[in-house]
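Shown next, in structure tokens, is the structure this report addresses.
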Amino acid sequence: MELNAIVEWAENNGWRSELSVKCFNIAEHPILSAYNGLDNEYIDFLNSFSRLESGDECSWFLFPDDFKENYDSNEFAWNEFQRISYESALSDIEALAVKNWWLRHLPILLSVRGGYSFYAIDIDSQHVVYGSEPEFEETSVAAECFEDFLKKIISGKIDL
């Protein structure tokens with residue numbers, strides 16, 4: 001996917017973007033390195049931007065600096081929805097199922113517009129899935145891969 005197409009889409013749709021001035025090595029990232037098998041298109045995207053968010057700040061893509069292990073209690077964590085699901089689990093078996101599900105799904109875009117929702121990469125299939133509250137782990141396939149996801153956003157087939 002061409003970087004200019006994403007920047008143009010952002011400008012035309014009231015999103016704010018900032019191009020990244022630094023390159024990161026995924027193998028050295030404490031959180032992202034745990035998600036083995038991320039495709040090159042997604043890694044290139046992570047290296048291209050430092051910010052890409054809606055004008056109302058209700059939806060945003062996650063970038064390397066967002067994936068932190070420790071958060072201030074006032075911050076919205078990259079794994080906020082996992083934390084909500086984990087805290088809502090009614091048994092140890094449910095908590096383990098939540099943990100295992102999120103180990104295979106990397107959130108890439110979060111939204112708080114009209115309720116909590118997200119897009120994530122399913123590490124096993126490389127599909128981009130969509131989930132929302134109250135059952136975050138009940139998702140539907142939004143795109144076959146990350147590149148397809150970006151194309152659908154740019155063409156208006158996925159409305160963020």
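As shown in the structure tokens, the chain order sets the letters A, B, ...; within each chain, residues go from 1, and ligands are also counted from 1 in the order they appear.
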Leaving out A:Leu3 and any residue of its chain fewer than 5 positions from it, which residues lie within 12 Å of it when counting only C-alpha atoms, given as a list in words?
Glu8, Trp9, Ala10, Ser17, Glu18, Leu19, Ser20, Glu41, Tyr42, Asp44, Phe45, Leu46, Asn47, Ser48, Phe49, Glu147, Leu150, Lys151 and Ile154 of chain A
Atoms kept (N, CA and C atoms) for selection, written as an mmCIF file, in the first residue's frame:
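The result, stored in selection36.cif:
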data_model
loop_
_atom_site.group_PDB
_atom_site.id
_atom_site.type_symbol
_atom_site.label_atom_id
_atom_site.label_comp_id
_atom_site.auth_asym_id
_atom_site.auth_seq_id
_atom_site.Cartn_x
_atom_site.Cartn_y
_atom_site.Cartn_z
ATOM 1 N N GLU A 8 -3.342 10.810 2.040
ATOM 2 C CA GLU A 8 -4.411 11.510 1.323
ATOM 3 C C GLU A 8 -5.779 11.137 1.895
ATOM 4 N N TRP A 9 -5.992 9.849 2.155
ATOM 5 C CA TRP A 9 -7.255 9.427 2.767
ATOM 6 C C TRP A 9 -7.457 10.131 4.107
ATOM 7 N N ALA A 10 -6.404 10.173 4.923
ATOM 8 C CA ALA A 10 -6.492 10.811 6.239
ATOM 9 C C ALA A 10 -6.884 12.282 6.103
ATOM 10 N N SER A 17 -2.519 12.837 10.836
ATOM 11 C CA SER A 17 -1.434 11.872 10.686
ATOM 12 C C SER A 17 -0.104 12.566 10.926
ATOM 13 N N GLU A 18 0.819 11.813 11.455
ATOM 14 C CA GLU A 18 2.200 12.256 11.611
ATOM 15 C C GLU A 18 3.084 11.136 11.107
ATOM 16 N N LEU A 19 3.955 11.472 10.175
ATOM 17 C CA LEU A 19 4.900 10.482 9.681
ATOM 18 C C LEU A 19 5.971 10.243 10.731
ATOM 19 N N SER A 20 6.439 9.032 10.807
ATOM 20 C CA SER A 20 7.451 8.664 11.793
ATOM 21 C C SER A 20 8.819 9.186 11.363
ATOM 22 N N GLU A 41 3.779 -5.815 5.392
ATOM 23 C CA GLU A 41 2.943 -4.638 5.119
ATOM 24 C C GLU A 41 2.595 -3.919 6.424
ATOM 25 N N TYR A 42 2.248 -4.677 7.442
ATOM 26 C CA TYR A 42 1.916 -4.080 8.739
ATOM 27 C C TYR A 42 3.161 -3.475 9.396
ATOM 28 N N ASP A 44 5.819 -2.326 7.897
ATOM 29 C CA ASP A 44 6.133 -1.093 7.156
ATOM 30 C C ASP A 44 5.209 0.042 7.587
ATOM 31 N N PHE A 45 3.927 -0.258 7.784
ATOM 32 C CA PHE A 45 2.960 0.741 8.249
ATOM 33 C C PHE A 45 3.383 1.283 9.615
ATOM 34 N N LEU A 46 3.781 0.393 10.525
ATOM 35 C CA LEU A 46 4.228 0.816 11.857
ATOM 36 C C LEU A 46 5.436 1.737 11.779
ATOM 37 N N ASN A 47 6.296 1.503 10.809
ATOM 38 C CA ASN A 47 7.486 2.333 10.644
ATOM 39 C C ASN A 47 7.194 3.644 9.927
ATOM 40 N N SER A 48 6.034 3.748 9.296
ATOM 41 C CA SER A 48 5.716 4.927 8.488
ATOM 42 C C SER A 48 5.092 6.065 9.285
ATOM 43 N N PHE A 49 4.324 5.737 10.295
ATOM 44 C CA PHE A 49 3.590 6.755 11.057
ATOM 45 C C PHE A 49 3.952 6.705 12.533
ATOM 46 N N GLU A 147 -3.002 -5.361 4.257
ATOM 47 C CA GLU A 147 -3.041 -4.554 3.031
ATOM 48 C C GLU A 147 -4.479 -4.408 2.528
ATOM 49 N N LEU A 150 -6.330 -1.833 4.654
ATOM 50 C CA LEU A 150 -6.051 -0.449 4.261
ATOM 51 C C LEU A 150 -6.773 -0.085 2.969
ATOM 52 N N LYS A 151 -6.788 -1.006 2.005
ATOM 53 C CA LYS A 151 -7.489 -0.744 0.747
ATOM 54 C C LYS A 151 -8.975 -0.526 0.981
ATOM 55 N N ILE A 154 -9.464 2.986 2.471
ATOM 56 C CA ILE A 154 -9.270 4.028 1.459
ATOM 57 C C ILE A 154 -10.441 4.071 0.465
#
What lies within 7 Å of stretch 75-82 of chain A using only C-alpha atoms, ignoring chain neighbours under 6 positions off, as number ranges by chain?
A: 66-67, 102, 136
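Nearest residue to A:Glu11 among A:Pro107, A:Gly156, A:Gly55, A:Gly37 is A:Gly55, counting only C-alpha atoms.
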Skip A:Ile43 itself and residues of its chain fewer than 4 positions away, then list as a PDB file with N, CA, C and O atoms, in the first residue's frame all residues within 10 Å of it, counting only C-alpha atoms.
ATOM      1  N   PHE A  24      11.877   1.503  13.929  1.00  0.00           N
ATOM      2  CA  PHE A  24      12.013   0.602  15.056  1.00  0.00           C
ATOM      3  C   PHE A  24      12.275  -0.808  14.557  1.00  0.00           C
ATOM      4  O   PHE A  24      11.917  -1.171  13.448  1.00  0.00           O
ATOM      5  N   ASN A  25      12.896  -1.592  15.390  1.00  0.00           N
ATOM      6  CA  ASN A  25      13.176  -2.989  15.089  1.00  0.00           C
ATOM      7  C   ASN A  25      12.187  -3.828  15.888  1.00  0.00           C
ATOM      8  O   ASN A  25      12.242  -3.852  17.114  1.00  0.00           O
ATOM      9  N   ILE A  26      11.297  -4.512  15.190  1.00  0.00           N
ATOM     10  CA  ILE A  26      10.252  -5.276  15.869  1.00  0.00           C
ATOM     11  C   ILE A  26      10.839  -6.340  16.794  1.00  0.00           C
ATOM     12  O   ILE A  26      10.280  -6.611  17.855  1.00  0.00           O
ATOM     13  N   LEU A  32       5.508  -6.096  20.823  1.00  0.00           N
ATOM     14  CA  LEU A  32       5.255  -6.505  19.438  1.00  0.00           C
ATOM     15  C   LEU A  32       6.058  -7.736  19.025  1.00  0.00           C
ATOM     16  O   LEU A  32       5.595  -8.528  18.206  1.00  0.00           O
ATOM     17  N   LEU A  38       3.840 -11.381  12.044  1.00  0.00           N
ATOM     18  CA  LEU A  38       3.220 -10.164  11.503  1.00  0.00           C
ATOM     19  C   LEU A  38       3.753  -9.925  10.098  1.00  0.00           C
ATOM     20  O   LEU A  38       4.954 -10.049   9.850  1.00  0.00           O
ATOM     21  N   ASP A  39       2.865  -9.583   9.176  1.00  0.00           N
ATOM     22  CA  ASP A  39       3.314  -9.428   7.791  1.00  0.00           C
ATOM     23  C   ASP A  39       4.083  -8.124   7.581  1.00  0.00           C
ATOM     24  O   ASP A  39       3.982  -7.189   8.365  1.00  0.00           O
ATOM     25  N   ASN A  47       6.296   1.503  10.809  1.00  0.00           N
ATOM     26  CA  ASN A  47       7.486   2.333  10.644  1.00  0.00           C
ATOM     27  C   ASN A  47       7.194   3.644   9.927  1.00  0.00           C
ATOM     28  O   ASN A  47       8.021   4.547   9.945  1.00  0.00           O
ATOM     29  N   SER A  48       6.034   3.748   9.296  1.00  0.00           N
ATOM     30  CA  SER A  48       5.716   4.927   8.488  1.00  0.00           C
ATOM     31  C   SER A  48       5.092   6.065   9.285  1.00  0.00           C
ATOM     32  O   SER A  48       5.278   7.232   8.960  1.00  0.00           O
ATOM     33  N   PHE A  63       0.604   2.452  17.339  1.00  0.00           N
ATOM     34  CA  PHE A  63       1.961   2.429  16.812  1.00  0.00           C
ATOM     35  C   PHE A  63       2.919   1.981  17.908  1.00  0.00           C
ATOM     36  O   PHE A  63       2.527   1.877  19.067  1.00  0.00           O
ATOM     37  N   PRO A  64       4.187   1.686  17.583  1.00  0.00           N
ATOM     38  CA  PRO A  64       5.101   1.101  18.567  1.00  0.00           C
ATOM     39  C   PRO A  64       5.122   1.805  19.922  1.00  0.00           C
ATOM     40  O   PRO A  64       5.135   1.130  20.958  1.00  0.00           O
ATOM     41  N   PHE A 146      -3.712  -7.269   6.240  1.00  0.00           N
ATOM     42  CA  PHE A 146      -3.585  -5.853   6.578  1.00  0.00           C
ATOM     43  C   PHE A 146      -3.650  -4.962   5.344  1.00  0.00           C
ATOM     44  O   PHE A 146      -4.304  -3.918   5.362  1.00  0.00           O
TER      45      PHE A 146
END
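The residues of stretch 15-118 of chain A that DSSP classifies as strand (DSSP E), using the backbone of this structure, are A:Trp15, A:Arg16, A:Ser17, A:Glu18, A:Leu19, A:Phe49, A:Ser50, A:Arg51, A:Leu52, A:Glu53, A:Ser54, A:Ser59, A:Trp60, A:Phe61, A:His105, A:Leu106, A:Pro107, A:Ile108, A:Leu109, A:Leu110, A:Ser111, A:Ser117, A:Phe118.
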Deliver the residues from the most recent selection as a file, using N, CA and C atoms, as a short mmCIF file (atom, residue, chain, number, x, y, z; two decimals), in the first residue's frame.
data_model
loop_
_atom_site.label_atom_id
_atom_site.label_comp_id
_atom_site.auth_asym_id
_atom_site.auth_seq_id
_atom_site.Cartn_x
_atom_site.Cartn_y
_atom_site.Cartn_z
N TRP A 15 -8.81 13.02 9.43
CA TRP A 15 -7.91 12.33 10.34
C TRP A 15 -6.58 13.08 10.40
N ARG A 16 -5.92 13.01 11.53
CA ARG A 16 -4.60 13.61 11.72
C ARG A 16 -3.55 12.52 11.58
N SER A 17 -2.52 12.84 10.84
CA SER A 17 -1.43 11.87 10.69
C SER A 17 -0.10 12.57 10.93
N GLU A 18 0.82 11.81 11.45
CA GLU A 18 2.20 12.26 11.61
C GLU A 18 3.08 11.14 11.11
N LEU A 19 3.95 11.47 10.18
CA LEU A 19 4.90 10.48 9.68
C LEU A 19 5.97 10.24 10.73
N PHE A 49 4.32 5.74 10.30
CA PHE A 49 3.59 6.76 11.06
C PHE A 49 3.95 6.70 12.53
N SER A 50 3.78 7.84 13.19
CA SER A 50 3.84 7.87 14.64
C SER A 50 2.45 8.18 15.20
N ARG A 51 1.56 8.67 14.33
CA ARG A 51 0.18 8.96 14.75
C ARG A 51 -0.73 8.94 13.53
N LEU A 52 -1.91 8.35 13.73
CA LEU A 52 -2.97 8.36 12.73
C LEU A 52 -4.26 8.19 13.51
N GLU A 53 -4.99 9.32 13.68
CA GLU A 53 -6.19 9.32 14.51
C GLU A 53 -7.26 10.21 13.93
N SER A 54 -8.50 9.88 14.25
CA SER A 54 -9.62 10.68 13.78
C SER A 54 -9.56 12.08 14.40
N SER A 59 -11.09 7.50 17.44
CA SER A 59 -10.55 6.30 16.80
C SER A 59 -9.08 6.56 16.47
N TRP A 60 -8.25 5.55 16.68
CA TRP A 60 -6.84 5.73 16.43
C TRP A 60 -6.15 4.40 16.16
N PHE A 61 -5.16 4.46 15.27
CA PHE A 61 -4.29 3.32 15.03
C PHE A 61 -3.25 3.28 16.15
N HIS A 105 -4.28 -12.34 18.91
CA HIS A 105 -4.92 -11.21 18.23
C HIS A 105 -4.27 -9.90 18.69
N LEU A 106 -3.63 -9.23 17.76
CA LEU A 106 -2.95 -7.96 18.07
C LEU A 106 -3.84 -6.80 17.69
N PRO A 107 -4.28 -6.00 18.67
CA PRO A 107 -5.08 -4.82 18.34
C PRO A 107 -4.26 -3.83 17.50
N ILE A 108 -4.90 -3.30 16.44
CA ILE A 108 -4.19 -2.34 15.58
C ILE A 108 -4.91 -1.00 15.51
N LEU A 109 -6.19 -0.99 15.84
CA LEU A 109 -6.97 0.24 15.82
C LEU A 109 -8.03 0.14 16.91
N LEU A 110 -8.13 1.19 17.72
CA LEU A 110 -9.12 1.23 18.80
C LEU A 110 -10.10 2.37 18.53
N SER A 111 -11.33 2.19 19.01
CA SER A 111 -12.33 3.23 18.86
C SER A 111 -13.21 3.27 20.10
N SER A 117 -14.82 -0.45 20.44
CA SER A 117 -14.61 -1.41 19.35
C SER A 117 -13.15 -1.37 18.92
N PHE A 118 -12.76 -2.36 18.12
CA PHE A 118 -11.37 -2.45 17.69
C PHE A 118 -11.26 -3.28 16.42
#
My list of candidates is A:Lys68, A:Asn36, A:Glu137, A:Tyr130. Which is closest to A:Ile158 when distances are computed with only C-alpha atoms?
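Nearest to A:Ile158: A:Tyr130.
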Measuring between only C-alpha atoms, which one of A:Asn74, A:Ser140, A:Asn13, A:Ser33 shows the shortest distance to A:Asp159?
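Residue with the minimum atom-to-atom distance to A:Asp159: A:Asn13.
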Test item, alpha helix (DSSP H) assignment across stretch 18-146 of chain A, answer as a ChimeraX atom specification
/A:40-48,80-88,92-103,146
Would you save the residues from that selection as a compact mmCIF listing (two decimals), in the first residue's frame, using N, CA, C and O atoms?
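That gives us again-v2.txt:
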# COMPACT_ATOMS: atom_id res chain seq x y z
N ASN A 40 4.89 -8.11 6.53
CA ASN A 40 5.75 -6.96 6.24
C ASN A 40 4.95 -5.69 5.98
O ASN A 40 5.42 -4.60 6.30
N GLU A 41 3.78 -5.82 5.39
CA GLU A 41 2.94 -4.64 5.12
C GLU A 41 2.59 -3.92 6.42
O GLU A 41 2.66 -2.70 6.51
N TYR A 42 2.25 -4.68 7.44
CA TYR A 42 1.92 -4.08 8.74
C TYR A 42 3.16 -3.48 9.40
O TYR A 42 3.11 -2.37 9.93
N ILE A 43 4.27 -4.17 9.33
CA ILE A 43 5.50 -3.65 9.93
C ILE A 43 5.94 -2.37 9.23
O ILE A 43 6.34 -1.40 9.88
N ASP A 44 5.82 -2.33 7.90
CA ASP A 44 6.13 -1.09 7.16
C ASP A 44 5.21 0.04 7.59
O ASP A 44 5.65 1.19 7.73
N PHE A 45 3.93 -0.26 7.78
CA PHE A 45 2.96 0.74 8.25
C PHE A 45 3.38 1.28 9.61
O PHE A 45 3.36 2.49 9.84
N LEU A 46 3.78 0.39 10.52
CA LEU A 46 4.23 0.82 11.86
C LEU A 46 5.44 1.74 11.78
O LEU A 46 5.59 2.64 12.60
N ASN A 47 6.30 1.50 10.81
CA ASN A 47 7.49 2.33 10.64
C ASN A 47 7.19 3.64 9.93
O ASN A 47 8.02 4.55 9.94
N SER A 48 6.03 3.75 9.30
CA SER A 48 5.72 4.93 8.49
C SER A 48 5.09 6.06 9.28
O SER A 48 5.28 7.23 8.96
N GLU A 80 -6.57 -2.41 26.50
CA GLU A 80 -7.67 -2.05 27.40
C GLU A 80 -8.83 -3.03 27.31
O GLU A 80 -9.41 -3.42 28.33
N PHE A 81 -9.17 -3.44 26.11
CA PHE A 81 -10.33 -4.33 25.95
C PHE A 81 -10.02 -5.73 26.48
O PHE A 81 -10.90 -6.40 27.02
N GLN A 82 -8.80 -6.16 26.35
CA GLN A 82 -8.39 -7.42 26.96
C GLN A 82 -8.51 -7.32 28.47
O GLN A 82 -9.03 -8.24 29.12
N ARG A 83 -8.07 -6.23 29.04
CA ARG A 83 -8.14 -6.04 30.48
C ARG A 83 -9.59 -6.04 30.96
O ARG A 83 -9.91 -6.64 31.99
N ILE A 84 -10.47 -5.39 30.21
CA ILE A 84 -11.89 -5.36 30.57
C ILE A 84 -12.46 -6.78 30.55
O ILE A 84 -13.16 -7.20 31.48
N SER A 85 -12.17 -7.53 29.49
CA SER A 85 -12.67 -8.91 29.38
C SER A 85 -12.12 -9.78 30.49
O SER A 85 -12.84 -10.60 31.07
N TYR A 86 -10.85 -9.62 30.78
CA TYR A 86 -10.22 -10.43 31.82
C TYR A 86 -10.87 -10.16 33.18
O TYR A 86 -11.16 -11.09 33.93
N GLU A 87 -11.09 -8.88 33.48
CA GLU A 87 -11.71 -8.51 34.76
C GLU A 87 -13.17 -8.98 34.83
O GLU A 87 -13.70 -9.19 35.92
N SER A 88 -13.81 -9.15 33.67
CA SER A 88 -15.21 -9.58 33.63
C SER A 88 -15.38 -11.09 33.65
O SER A 88 -16.51 -11.58 33.78
N ASP A 92 -11.87 -19.00 36.34
CA ASP A 92 -10.48 -19.12 35.89
C ASP A 92 -10.43 -19.63 34.46
O ASP A 92 -9.55 -19.23 33.69
N ILE A 93 -11.35 -20.50 34.08
CA ILE A 93 -11.40 -21.03 32.72
C ILE A 93 -11.71 -19.91 31.73
O ILE A 93 -11.08 -19.81 30.67
N GLU A 94 -12.67 -19.05 32.05
CA GLU A 94 -12.99 -17.91 31.18
C GLU A 94 -11.81 -16.97 31.09
O GLU A 94 -11.49 -16.47 30.00
N ALA A 95 -11.15 -16.70 32.20
CA ALA A 95 -9.99 -15.80 32.21
C ALA A 95 -8.88 -16.35 31.33
O ALA A 95 -8.24 -15.61 30.57
N LEU A 96 -8.66 -17.66 31.39
CA LEU A 96 -7.64 -18.29 30.56
C LEU A 96 -8.01 -18.21 29.08
O LEU A 96 -7.16 -17.94 28.23
N ALA A 97 -9.28 -18.39 28.76
CA ALA A 97 -9.74 -18.29 27.37
C ALA A 97 -9.53 -16.88 26.84
O ALA A 97 -9.10 -16.70 25.69
N VAL A 98 -9.82 -15.87 27.65
CA VAL A 98 -9.59 -14.47 27.25
C VAL A 98 -8.10 -14.25 27.00
O VAL A 98 -7.71 -13.71 25.95
N LYS A 99 -7.27 -14.68 27.92
CA LYS A 99 -5.82 -14.50 27.77
C LYS A 99 -5.32 -15.17 26.48
O LYS A 99 -4.57 -14.56 25.71
N ASN A 100 -5.74 -16.41 26.25
CA ASN A 100 -5.30 -17.14 25.06
C ASN A 100 -5.78 -16.49 23.77
O ASN A 100 -5.06 -16.46 22.78
N TRP A 101 -7.01 -15.97 23.78
CA TRP A 101 -7.53 -15.31 22.58
C TRP A 101 -6.68 -14.09 22.24
O TRP A 101 -6.29 -13.90 21.08
N TRP A 102 -6.37 -13.27 23.23
CA TRP A 102 -5.61 -12.05 22.97
C TRP A 102 -4.14 -12.31 22.65
O TRP A 102 -3.48 -11.48 22.01
N LEU A 103 -3.63 -13.47 23.04
CA LEU A 103 -2.25 -13.82 22.65
C LEU A 103 -2.15 -14.04 21.14
O LEU A 103 -1.07 -13.95 20.57
N PHE A 146 -3.71 -7.27 6.24
CA PHE A 146 -3.59 -5.85 6.58
C PHE A 146 -3.65 -4.96 5.34
O PHE A 146 -4.30 -3.92 5.36
